[in-house]
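> Next up is a structure, given as structure tokens.
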Amino acid sequence: MSDILNTAVSGLLSFQRALGTTSHNIANVNTPGYSRQSVEFSTNNPSFFGGSFYGNGVQIESITRSYDQFLTREVRDTTSAYARVARFSELSSRIDDVLADPAGGISPILNDFFESVQGVADDPASSTARYAMINTAQTLAGRFQSIDTRFEELSRNTTNEIRSVVDEINLLVGQIRDVNISLNDIAPSATSNQQSADLLDLRDNLLNQLAEKIDITVIDEDENNLSIFIGNGQTVLTGIESFTLSTQPDVSDPTREVIAYNGLISVYDISSNLSGGELGGLLDFRDGVLDPTRNSLGRTAIGIAETFNAQMQDGMDLNGNLGQDFFSFSAPQSIAFSSNTGTPTVATVISDVTALTSDDYQLAFDGVNWTLTSASGTSASVANGAPATLVFEGLTLTINGATAVAGDQFAIRPTLAAAGGLQVITTDPSAIAAALPIRSSASLNNLGNVDISPGSITDVTDPNLLNSVTFTFDTPPATLQADADVVVGGVSYLAGAAIPYSNNMIVDANGWQVSLSGTPQAGDVFTVEANIDGSGDNRNALNLANLQTSGVFDGGINSFQETYGSLVGFVGSQTLAANLERDAQESLLFQAVDRQSSKASVNLDEEAADLVRYQQAYEATARLVSTAQILFETLLDSVR
């Protein structure tokens with residue numbers, strides 16, 4: 001009877017716990033990350049009596065969770081990949097929307113500006129056309145400023161998001177460490193390897209959240225000593241010891257932040273080693289799209305300002321003055337590293353817009369030479385001096401290295417701030433240099449049919465630019481004389497010298513150039529002089545209007561519109577590729593989650609069946625207790 005009772009009690013206890021586990025599953029059917037738990041039964045050790053072994057009932061061997069390491073790792077990896085590309089796609093789309101906006105982008109207002117320049121060329125004496133040109137130019141500059149302001153704000157928001165994600169990573173690592181501690185505190189006895197399924201589920205859920213923030217590698221030495229690695233193997237958790245990340249100002253630019261790893265020995269930048277998750281997406285967007293876009297936009301602004309200013313300087317305004325700069329922009333940035341031990345200085349200017357790139361540069365001193373290296377990998381060097389001049393890719397750097405120490409470095413950012421600093425500095429419509437400063441004319445008494453071109457400017461800084469020069473054909477008409485020094489076909493002639501004449505000959509003098517074509521007669525006279533009353537002259541205005549389609553960038557190949565179109569295309573292609581990859585990764589994530597759910601999730605139909613099965617077993621075992629009681633009472637009654 002005692003055997004019957006003991007066996008019945010073991011069954012009651014076992015089935016009671018099985019019912020409890022089933023109810024636990026049902027209660028957590030909607031709990032994120034919960035894995036279905038199952039009861040594993042086993043027989044108790046038998047007893048030997050009378051030459052035979054007799055069973056002693058049942059026991060709970062273990063409570064196991066439905067878990068597959070491969071499926072769990074697959075969900076974690078696809079979660080990290082999807083989070084990265086989804087964040088990157090979202091942020092890239094914001095830039096794409098701004099640049100490609102048919103109303104708010106650069107292309108439409110750039111067209112409007114050159115139409116207003118053409119309006120001045122059509123009627124150079126019109127104050128209305130000149131006012132319209134200035135107003136449209138101010139709108140163009142304002143559009144550049146507005147877009148760059150939005151990008152700068154996006155840059156600040158990205159920095160704040162990077163800080164927030166780093167804090168979340170540290171918080172999640174700390175929570176996983178706490179779970180590891182709890183698992184160690186309730187470590188099973190030497191006779192069992194059972195672990196808390198609920199704590200393991202919690203830890204896996206936290207690992208998925210961490211993978212959403214950053215790509216991680218998880219090593220299970222055993223279930224109590226899980227380790228997590230990021231980047232190039234940096235440890236953020238090993239068992240119950242964690243290491244934190246932080247954001248710190250970049251040594252090359254205090255306004256820019258990098259990810260620092262706080263290891264056992266030192267703190268160092270690991271930004272370039274990180275990938276995956278929201279943090280990877282933010283860093284990829286900042287370094288691969290946002291900064292290059294701002295640089296390229298600034299390059300376009302510099303190209304417009306520099307070429308327009310140069311052409312304006314070749315002209316003459318309504319007041320008879322030589323043309324002045326029309327636009328201004330923010331100068332290139334030369335930022336000394338905070339780690340510098342010397343005190344050298346660097347001044348950077350744009351010297352050749354046709355060779356200018358959208359790269360950033362790093363200038364480093366090795367103790368003898370200064371080396372300028374672009375983000376694309378190109379470089380140039382110059383020996384240290386006081387000062388030293390380095391000309392490279394459209395830039396001229398003046399380096400005062402008298403106090404330089406080996407290891408000193410500078411970040412050179414030629415174009416980053418240019419778009420935000422673009423301004424129109426000409427507000428007087430009469431100051432628009434629509435005319436050229438010189439004009440040519442033929443004497444009314446000429447008998448030949450030689451034509452002289454209107455002339456073009458080759459060097460507006462020549463001090464004799466506005467001096468009059470007269471050409472007279474001699475007898476016989478094979479030569480001509482000038483009352484100033486001139487250059488013909490690369491040969492210099494002093495004033496009054498006999499100059500051999502040829503049809504379509506080019507004459508250079510005093511910073512201008514004219515051509516002569518036709519058949520002269522002796523005594524024919526031509527004059528090049530200052531354009532004193534050039535209110536109706538539109539030659540420089542036409543030159544300004546022609547800048548719209550002129551090759552400016554990349555060695556004089558691409559125009560403003562083509563360069564801006566390339567920028568729009570770059571951002572658009574990046575966004576499209578990110579959108580396609582996001583959709584693909586989303587599909588892979590759904591598939592991975594479905595596979596894991598089919599293995600680990602709670603099925604209410606199965607739980608209902610188990611509930612009935614365990615309930616019936618419990619009731620049947622309870623009857624054994626009742627039977628044992630009756631037998632015991634019968635025995636007592638028989639001997640009483």
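We label chains A, B, ... in the order they appear in the structure tokens, count residues from 1 in each chain, and number ligands from 1 in the order shown.
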Could you give me, as a ChimeraX atom specification, the residues within 9 Å of A:Ser515, counting only C-alpha atoms and dropping anything in the same chain fewer than 6 positions from it?
/A:451-455,503-508
> Name the residues in contact with A:Ile302 at a cut-off of 10 Å, using only C-alpha atoms, excluding same-chain residues fewer than 3 positions from it; report them as a list in words.
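So, after excluding close chain neighbours, the residues are Ser296, Leu297, Gly298, Arg299, Ala305, Glu306, Thr307, Phe308, Phe327, Ser328, Phe329, Ser330, Ala331, Ile350, Val353, Leu356, Pro414, Thr415, Ala418, Ala419, Gly421 and Leu422 of chain A.
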> Return the single residue from A:Asn28, A:Asn184, A:Ser14, A:Asn400 that is closest to A:Gln59, with distances computed using only C-alpha atoms.
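The shortest atom-to-atom distance to A:Gln59 comes from A:Ser14.
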> Tell me, as a count of residues only, which residues lie within 12 Å of A:Tyr268, counting only C-alpha atoms; anything in the same chain fewer than 2 positions away does not count.
22
> If we count only C-alpha atoms, what is near A:Phe88 at a cut-off of 7 Å, once residues fewer than 2 positions away on the same chain are taken out, given as a list in words?
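Those residues are Arg84, Val85, Ala86, Glu90, Leu91, Ser92, Gly281, Leu282, Phe285 and Ala578 of chain A.
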> Using only C-alpha atoms, which protein or nucleic acid residues come within 10 Å of stretch 199-210 of chain A? Drop anything in the same chain fewer than 5 positions from it, and give the result as JSON, numbers by chain.
{"A": [32, 33, 34, 35, 36, 65, 67, 72, 73, 75, 76, 77, 78, 79, 80, 165, 168, 169, 170, 171, 172, 173, 175, 176, 177, 178, 179, 180, 182, 183, 215, 216, 218, 223, 224, 226, 228, 277, 278]}
> I need the residues in stretch 268-336 of chain A that are helix (DSSP H, G or I) according to DSSP; give them as an MDAnalysis selection string.
chainID A and resid 271:273 277:313
> Write out the residues from the selection above, keeping N, CA, C and O atoms, as a short mmCIF file (atom, residue, chain, number, x, y, z; two decimals), in the first residue's frame.

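Now in result.cif:
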```cif
data_model
loop_
_atom_site.label_atom_id
_atom_site.label_comp_id
_atom_site.auth_asym_id
_atom_site.auth_seq_id
_atom_site.Cartn_x
_atom_site.Cartn_y
_atom_site.Cartn_z
N SER A 271 35.13 53.69 -34.76
CA SER A 271 34.02 54.01 -35.66
C SER A 271 34.12 53.28 -36.98
O SER A 271 33.13 52.75 -37.51
N SER A 272 35.32 53.24 -37.56
CA SER A 272 35.48 52.65 -38.88
C SER A 272 35.33 51.13 -38.85
O SER A 272 35.18 50.51 -39.91
N ASN A 273 35.36 50.53 -37.67
CA ASN A 273 35.26 49.07 -37.56
C ASN A 273 33.84 48.59 -37.33
O ASN A 273 33.60 47.38 -37.37
N GLY A 277 23.19 47.03 -37.71
CA GLY A 277 22.32 47.68 -36.74
C GLY A 277 22.10 49.15 -37.05
O GLY A 277 22.58 49.70 -38.04
N GLU A 278 21.34 49.79 -36.18
CA GLU A 278 21.06 51.22 -36.36
C GLU A 278 22.33 52.05 -36.33
O GLU A 278 22.47 53.01 -37.10
N LEU A 279 23.26 51.69 -35.46
CA LEU A 279 24.51 52.46 -35.37
C LEU A 279 25.29 52.38 -36.67
O LEU A 279 25.81 53.38 -37.16
N GLY A 280 25.37 51.17 -37.26
CA GLY A 280 26.04 51.03 -38.55
C GLY A 280 25.37 51.83 -39.63
O GLY A 280 26.03 52.46 -40.47
N GLY A 281 24.03 51.85 -39.64
CA GLY A 281 23.30 52.63 -40.63
C GLY A 281 23.55 54.11 -40.48
O GLY A 281 23.71 54.83 -41.47
N LEU A 282 23.59 54.60 -39.23
CA LEU A 282 23.85 56.02 -38.98
C LEU A 282 25.25 56.41 -39.44
O LEU A 282 25.45 57.46 -40.07
N LEU A 283 26.25 55.59 -39.11
CA LEU A 283 27.62 55.89 -39.50
C LEU A 283 27.78 55.82 -41.02
O LEU A 283 28.47 56.67 -41.62
N ASP A 284 27.18 54.82 -41.65
CA ASP A 284 27.25 54.70 -43.12
C ASP A 284 26.62 55.91 -43.79
O ASP A 284 27.15 56.43 -44.78
N PHE A 285 25.50 56.36 -43.26
CA PHE A 285 24.83 57.52 -43.84
C PHE A 285 25.65 58.78 -43.68
O PHE A 285 25.84 59.54 -44.63
N ARG A 286 26.18 58.99 -42.47
CA ARG A 286 26.96 60.21 -42.22
C ARG A 286 28.21 60.27 -43.09
O ARG A 286 28.50 61.28 -43.73
N ASP A 287 28.95 59.16 -43.12
CA ASP A 287 30.23 59.15 -43.82
C ASP A 287 30.10 58.90 -45.32
O ASP A 287 30.93 59.36 -46.09
N GLY A 288 29.06 58.16 -45.73
CA GLY A 288 28.94 57.77 -47.13
C GLY A 288 27.99 58.59 -47.96
O GLY A 288 28.08 58.56 -49.20
N VAL A 289 27.08 59.33 -47.31
CA VAL A 289 26.09 60.10 -48.08
C VAL A 289 26.05 61.56 -47.64
O VAL A 289 26.20 62.47 -48.45
N LEU A 290 25.85 61.80 -46.34
CA LEU A 290 25.63 63.17 -45.88
C LEU A 290 26.84 64.06 -46.11
O LEU A 290 26.73 65.13 -46.73
N ASP A 291 28.02 63.65 -45.61
CA ASP A 291 29.21 64.49 -45.78
C ASP A 291 29.60 64.65 -47.25
O ASP A 291 29.88 65.78 -47.69
N PRO A 292 29.62 63.57 -48.08
CA PRO A 292 29.91 63.77 -49.50
C PRO A 292 28.91 64.67 -50.20
O PRO A 292 29.28 65.43 -51.10
N THR A 293 27.64 64.60 -49.80
CA THR A 293 26.62 65.45 -50.42
C THR A 293 26.86 66.91 -50.08
O THR A 293 26.79 67.79 -50.95
N ARG A 294 27.15 67.20 -48.83
CA ARG A 294 27.43 68.59 -48.44
C ARG A 294 28.68 69.10 -49.14
O ARG A 294 28.73 70.26 -49.58
N ASN A 295 29.69 68.25 -49.26
CA ASN A 295 30.91 68.65 -49.96
C ASN A 295 30.63 68.95 -51.43
O ASN A 295 31.12 69.93 -51.99
N SER A 296 29.87 68.08 -52.08
CA SER A 296 29.57 68.26 -53.50
C SER A 296 28.70 69.49 -53.73
O SER A 296 28.90 70.23 -54.70
N LEU A 297 27.74 69.72 -52.83
CA LEU A 297 26.91 70.91 -52.95
C LEU A 297 27.77 72.16 -52.78
O LEU A 297 27.59 73.16 -53.52
N GLY A 298 28.70 72.12 -51.83
CA GLY A 298 29.60 73.26 -51.65
C GLY A 298 30.50 73.46 -52.85
O GLY A 298 30.79 74.61 -53.22
N ARG A 299 30.94 72.38 -53.46
CA ARG A 299 31.77 72.49 -54.66
C ARG A 299 31.00 73.18 -55.78
O ARG A 299 31.55 74.03 -56.51
N THR A 300 29.72 72.83 -55.95
CA THR A 300 28.90 73.50 -56.97
C THR A 300 28.78 74.98 -56.68
O THR A 300 28.88 75.82 -57.59
N ALA A 301 28.55 75.32 -55.41
CA ALA A 301 28.44 76.74 -55.03
C ALA A 301 29.74 77.48 -55.31
O ALA A 301 29.73 78.62 -55.82
N ILE A 302 30.88 76.85 -54.99
CA ILE A 302 32.18 77.49 -55.26
C ILE A 302 32.37 77.68 -56.75
O ILE A 302 32.84 78.74 -57.20
N GLY A 303 32.01 76.67 -57.54
CA GLY A 303 32.17 76.79 -58.99
C GLY A 303 31.37 77.94 -59.56
O GLY A 303 31.87 78.71 -60.40
N ILE A 304 30.12 78.08 -59.12
CA ILE A 304 29.28 79.19 -59.59
C ILE A 304 29.90 80.52 -59.20
O ILE A 304 30.02 81.44 -60.02
N ALA A 305 30.30 80.63 -57.93
CA ALA A 305 30.83 81.91 -57.44
C ALA A 305 32.15 82.27 -58.12
O ALA A 305 32.33 83.41 -58.59
N GLU A 306 33.07 81.32 -58.19
CA GLU A 306 34.40 81.61 -58.73
C GLU A 306 34.35 81.96 -60.22
O GLU A 306 34.98 82.93 -60.66
N THR A 307 33.64 81.15 -60.99
CA THR A 307 33.61 81.42 -62.44
C THR A 307 32.82 82.68 -62.75
O THR A 307 33.19 83.45 -63.65
N PHE A 308 31.74 82.90 -62.03
CA PHE A 308 30.95 84.11 -62.26
C PHE A 308 31.73 85.36 -61.86
O PHE A 308 31.73 86.38 -62.57
N ASN A 309 32.43 85.27 -60.73
CA ASN A 309 33.25 86.41 -60.29
C ASN A 309 34.36 86.70 -61.30
O ASN A 309 34.64 87.87 -61.63
N ALA A 310 35.03 85.63 -61.76
CA ALA A 310 36.13 85.83 -62.72
C ALA A 310 35.63 86.49 -64.00
O ALA A 310 36.29 87.38 -64.55
N GLN A 311 34.47 86.06 -64.50
CA GLN A 311 33.93 86.66 -65.72
C GLN A 311 33.44 88.08 -65.46
O GLN A 311 33.59 88.96 -66.32
N MET A 312 32.88 88.32 -64.27
CA MET A 312 32.42 89.68 -63.94
C MET A 312 33.62 90.62 -63.89
O MET A 312 33.53 91.79 -64.32
N GLN A 313 34.75 90.17 -63.41
CA GLN A 313 35.94 91.01 -63.32
C GLN A 313 36.50 91.36 -64.70
O GLN A 313 37.24 92.34 -64.83
#
```
> Go through stretch 485-586 of chain A and flag each residue having an atom no more than 8 Å from stretch 462-477 of chain A; for those, report the closest pair of atoms plus their distance in Å to one decimal, using only C-alpha atoms, ordered by chain and rising number, as a tab-separated table.

```
residue	atom	partner	partner_atom	distance
A:Tyr501	CA	A:Pro477	CA	7.9
A:Asn510	CA	A:Leu465	CA	4.9
A:Gly511	CA	A:Asp462	CA	5.3
A:Trp512	CA	A:Leu465	CA	7.1
A:Pro520	CA	A:Pro477	CA	6.2
A:Gln521	CA	A:Pro477	CA	5.8
A:Ala522	CA	A:Thr475	CA	5.1
A:Gly523	CA	A:Phe473	CA	5.3
A:Asp524	CA	A:Phe473	CA	5.4
A:Val525	CA	A:Thr472	CA	4.6
A:Phe526	CA	A:Phe471	CA	5.0
A:Thr527	CA	A:Thr470	CA	4.5
A:Val528	CA	A:Val469	CA	5.2
A:Glu529	CA	A:Ser468	CA	4.2
A:Ala530	CA	A:Leu466	CA	4.7
```
> Let me make sure I understand: among A:Asn531, A:Thr575, A:Gly496, A:Val450, which one has the smallest atom-to-atom distance to A:Thr519 if we use only C-alpha atoms?
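Result for the nearest residue to A:Thr519: A:Val450.
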> Give me, as a PyMOL selection string, the residues of stretch 186-310 of chain A that a backbone DSSP run labels strand (DSSP E or B).
chain A and resi 217-220+226-230+234-238+241-242+245-250+253-262+267-269
